[in-house]
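Trainee: Below is the structure I would like to discuss, written out as structure tokens.
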Amino acid sequence: MGDIIHRILDVITGMGYWGILLGLAVEVIPSEIVLAYAGYLVYQGDINLVEAIVFGLIGCLIQQVILYAVGLYGGRAFVDRYGKYLHIKTKHVDMTERWFQKYGAGVVFTSRFIPVVRQAISIPAGIAKMNMGKFLLFSGLASIPWAILFVSLGKTLGENWENINEKAAPYTQPILLIALGLLVAYILVKVLTRKKKVQG
């Protein structure tokens, strides 16, 4: 892992729980790394496991609210112009926007487990003015296992926390497959429901 990332992590975690929250809200570096490093700090005894997970969850939610606000107030034009600075690719926004428009709010939950689109889905949710309570509920339910997994793995790995991507693969791959299965099932239900309404 590069020296720059280490320096950023040192600054973030030097602020304690609030640094973890800030690091995830802004996500200058991937959330998995911040959460795993938080787990390493738990291993060292610097912070508490439960509070690390809670602050990690809040940080993840703040990031999604920021992206939701980008969609709500900036619209598609803002995303097309400045999305690259948010590490959001236009093609991913295109894809998630189509999903959201076609299948509704439920894709916010299932998309959270898919690495390529888990941030991008918040933007079309904002553009569509999705109910904030429902948005936070779906985002939170999906973010809880993510925060628990990576903080816990970081704690378990201890000094070897930098191997998080390798060690997390056996856990994240089944989660991804389950999420894709849920997404397909959700889409099928929406399609069948729509057909019944048309036929009725």
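Labels used: A, B, ... for chains in the order of the structure tokens, numbers from 1 for residues in each chain, and numbers from 1 for ligands as shown.
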Fewer than 3 positions away in the same chain doesn't count, so skip those; otherwise give me all residues within 7 Å of region 139-147 of chain A, counting only C-alpha atoms, as a PyMOL selection string.
Mentor: chain A and resi 35+53+56-57+60-61+108-109+112+135-136+150-151
Trainee: Set the distance at 9 Å and use only C-alpha atoms: which residues neighbour region 13-23 of chain A once local chain neighbours fewer than 2 positions away are removed? I'd like the list as a VMD selection string.
Mentor: chain A and resid 8 to 11 25 to 29 31 34 to 35 37 to 38 41 46 to 47 51 to 52 55 to 60 62
Trainee: Take the selection from the previous step and output its residues with N, CA and C atoms, as a tab-separated table (two decimals), in the first residue's frame.
Mentor:
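Final output, out33.tsv:
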```tsv
chain	number	residue	atom	x	y	z
A	8	ILE	N	-2.54	9.49	4.66
A	8	ILE	CA	-3.95	9.90	4.78
A	8	ILE	C	-4.60	9.14	5.93
A	9	LEU	N	-4.33	7.83	6.02
A	9	LEU	CA	-4.90	7.02	7.10
A	9	LEU	C	-4.42	7.51	8.46
A	10	ASP	N	-3.14	7.87	8.55
A	10	ASP	CA	-2.61	8.37	9.83
A	10	ASP	C	-3.32	9.65	10.25
A	11	VAL	N	-3.59	10.54	9.27
A	11	VAL	CA	-4.30	11.79	9.57
A	11	VAL	C	-5.73	11.49	10.01
A	25	ALA	N	-16.98	9.39	4.88
A	25	ALA	CA	-17.91	10.35	4.29
A	25	ALA	C	-17.33	10.96	3.01
A	26	VAL	N	-16.03	11.25	3.05
A	26	VAL	CA	-15.37	11.87	1.89
A	26	VAL	C	-14.86	10.79	0.94
A	27	GLU	N	-14.40	9.68	1.47
A	27	GLU	CA	-13.85	8.53	0.73
A	27	GLU	C	-12.79	8.94	-0.28
A	28	VAL	N	-11.74	9.54	0.26
A	28	VAL	CA	-10.56	9.83	-0.57
A	28	VAL	C	-9.90	8.51	-0.96
A	29	ILE	N	-9.94	7.56	-0.04
A	29	ILE	CA	-9.48	6.19	-0.30
A	29	ILE	C	-10.65	5.24	-0.06
A	31	SER	N	-13.54	2.72	1.05
A	31	SER	CA	-14.12	2.50	2.37
A	31	SER	C	-13.60	1.22	3.01
A	34	VAL	N	-10.38	2.00	4.85
A	34	VAL	CA	-10.60	2.80	6.07
A	34	VAL	C	-11.18	1.92	7.17
A	35	LEU	N	-12.18	1.10	6.83
A	35	LEU	CA	-12.81	0.23	7.81
A	35	LEU	C	-11.85	-0.84	8.33
A	37	TYR	N	-8.60	-0.56	8.48
A	37	TYR	CA	-7.62	0.12	9.33
A	37	TYR	C	-8.24	0.45	10.69
A	38	ALA	N	-9.51	0.78	10.68
A	38	ALA	CA	-10.22	0.99	11.95
A	38	ALA	C	-10.21	-0.29	12.77
A	41	LEU	N	-6.93	-0.67	14.41
A	41	LEU	CA	-6.83	0.17	15.61
A	41	LEU	C	-7.56	-0.47	16.79
A	46	ASP	N	-6.66	0.85	20.55
A	46	ASP	CA	-6.79	2.31	20.49
A	46	ASP	C	-8.24	2.77	20.49
A	47	ILE	N	-9.12	1.97	19.88
A	47	ILE	CA	-10.55	2.32	19.82
A	47	ILE	C	-11.38	1.09	20.11
A	51	GLU	N	-18.02	0.95	18.66
A	51	GLU	CA	-18.04	2.36	18.26
A	51	GLU	C	-17.38	2.54	16.89
A	52	ALA	N	-16.36	1.74	16.59
A	52	ALA	CA	-15.72	1.82	15.27
A	52	ALA	C	-16.72	1.45	14.18
A	55	PHE	N	-19.51	4.36	14.00
A	55	PHE	CA	-19.02	5.55	13.32
A	55	PHE	C	-18.73	5.26	11.84
A	56	GLY	N	-18.29	4.03	11.56
A	56	GLY	CA	-18.09	3.63	10.17
A	56	GLY	C	-19.40	3.63	9.40
A	57	LEU	N	-20.45	3.12	10.02
A	57	LEU	CA	-21.77	3.10	9.39
A	57	LEU	C	-22.27	4.52	9.14
A	58	ILE	N	-22.12	5.39	10.13
A	58	ILE	CA	-22.56	6.78	9.97
A	58	ILE	C	-21.79	7.46	8.85
A	59	GLY	N	-20.49	7.20	8.78
A	59	GLY	CA	-19.67	7.79	7.71
A	59	GLY	C	-20.13	7.33	6.33
A	60	CYS	N	-20.44	6.03	6.21
A	60	CYS	CA	-20.94	5.50	4.94
A	60	CYS	C	-22.25	6.18	4.55
A	62	ILE	N	-23.35	9.17	5.51
A	62	ILE	CA	-23.12	10.58	5.16
A	62	ILE	C	-22.66	10.68	3.71
```
Trainee: Give me, please, the distance in Å between CA of Lys167 (chain A) and CA of Ile88 (chain A), quoted to one decimal.
Mentor: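 Computing it gives 26.2 Å between the two atoms.
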Trainee: Could you please determine the separation between CA of Leu86 (chain A) and CA of Ala105 (chain A) in Å, to one decimal place?
Mentor: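 Calculated distance between CA of Leu86 (chain A) and CA of Ala105 (chain A) is 22.6 Å.
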Trainee: Return as a PyMOL selection string the full set of residues in region 1-193 of chain A whose backbone-based DSSP assignment is alpha helix (DSSP H).
Mentor: chain A and resi 3-13+17-26+31-44+49-69+75-82+90-103+107-111+122-127+132-157+164-193
Trainee: Suppose you want the space between CA of Lys91 (chain A) and CA of Lys129 (chain A); what is it in Å?
Mentor: 20.8 Å
Trainee: Give me, as number ranges by chain, all polymer residues having an atom no more than 12 Å from Asn160 (chain A), counting only C-alpha atoms and skipping those fewer than 5 positions away in the same chain.
Mentor: A: 1, 36-37, 39-40, 43, 153-155, 165-167
Trainee: Suppose we keep C-alpha atoms; can you now write the selection as a short mmCIF file (atom, residue, chain, number, x, y, z; two decimals), in the first residue's frame?
Mentor:
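What follows is the written file selection38.cif:
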```cif
data_model
loop_
_atom_site.label_atom_id
_atom_site.label_comp_id
_atom_site.auth_asym_id
_atom_site.auth_seq_id
_atom_site.Cartn_x
_atom_site.Cartn_y
_atom_site.Cartn_z
CA MET A 1 0.00 0.00 0.00
CA ALA A 36 -10.06 -2.40 7.86
CA TYR A 37 -7.62 0.12 9.33
CA GLY A 39 -10.31 -2.73 12.77
CA TYR A 40 -6.54 -2.69 13.10
CA TYR A 43 -6.78 -4.77 17.51
CA LEU A 153 -11.59 -8.56 9.49
CA GLY A 154 -9.21 -5.68 10.15
CA LYS A 155 -9.25 -6.57 13.85
CA ASN A 165 -8.66 -7.39 -0.12
CA GLU A 166 -7.22 -10.90 -0.29
CA LYS A 167 -8.70 -12.02 3.03
#
```
Trainee: Can you work out which one of A:Gln64, A:Lys89, A:Gly158, A:Asn48 has the shortest atom-to-atom distance to Leu137 (chain A), counting only C-alpha atoms?
Mentor: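 Among A:Gln64, A:Lys89, A:Gly158, A:Asn48, it is A:Gln64 that comes nearest to Leu137 (chain A).
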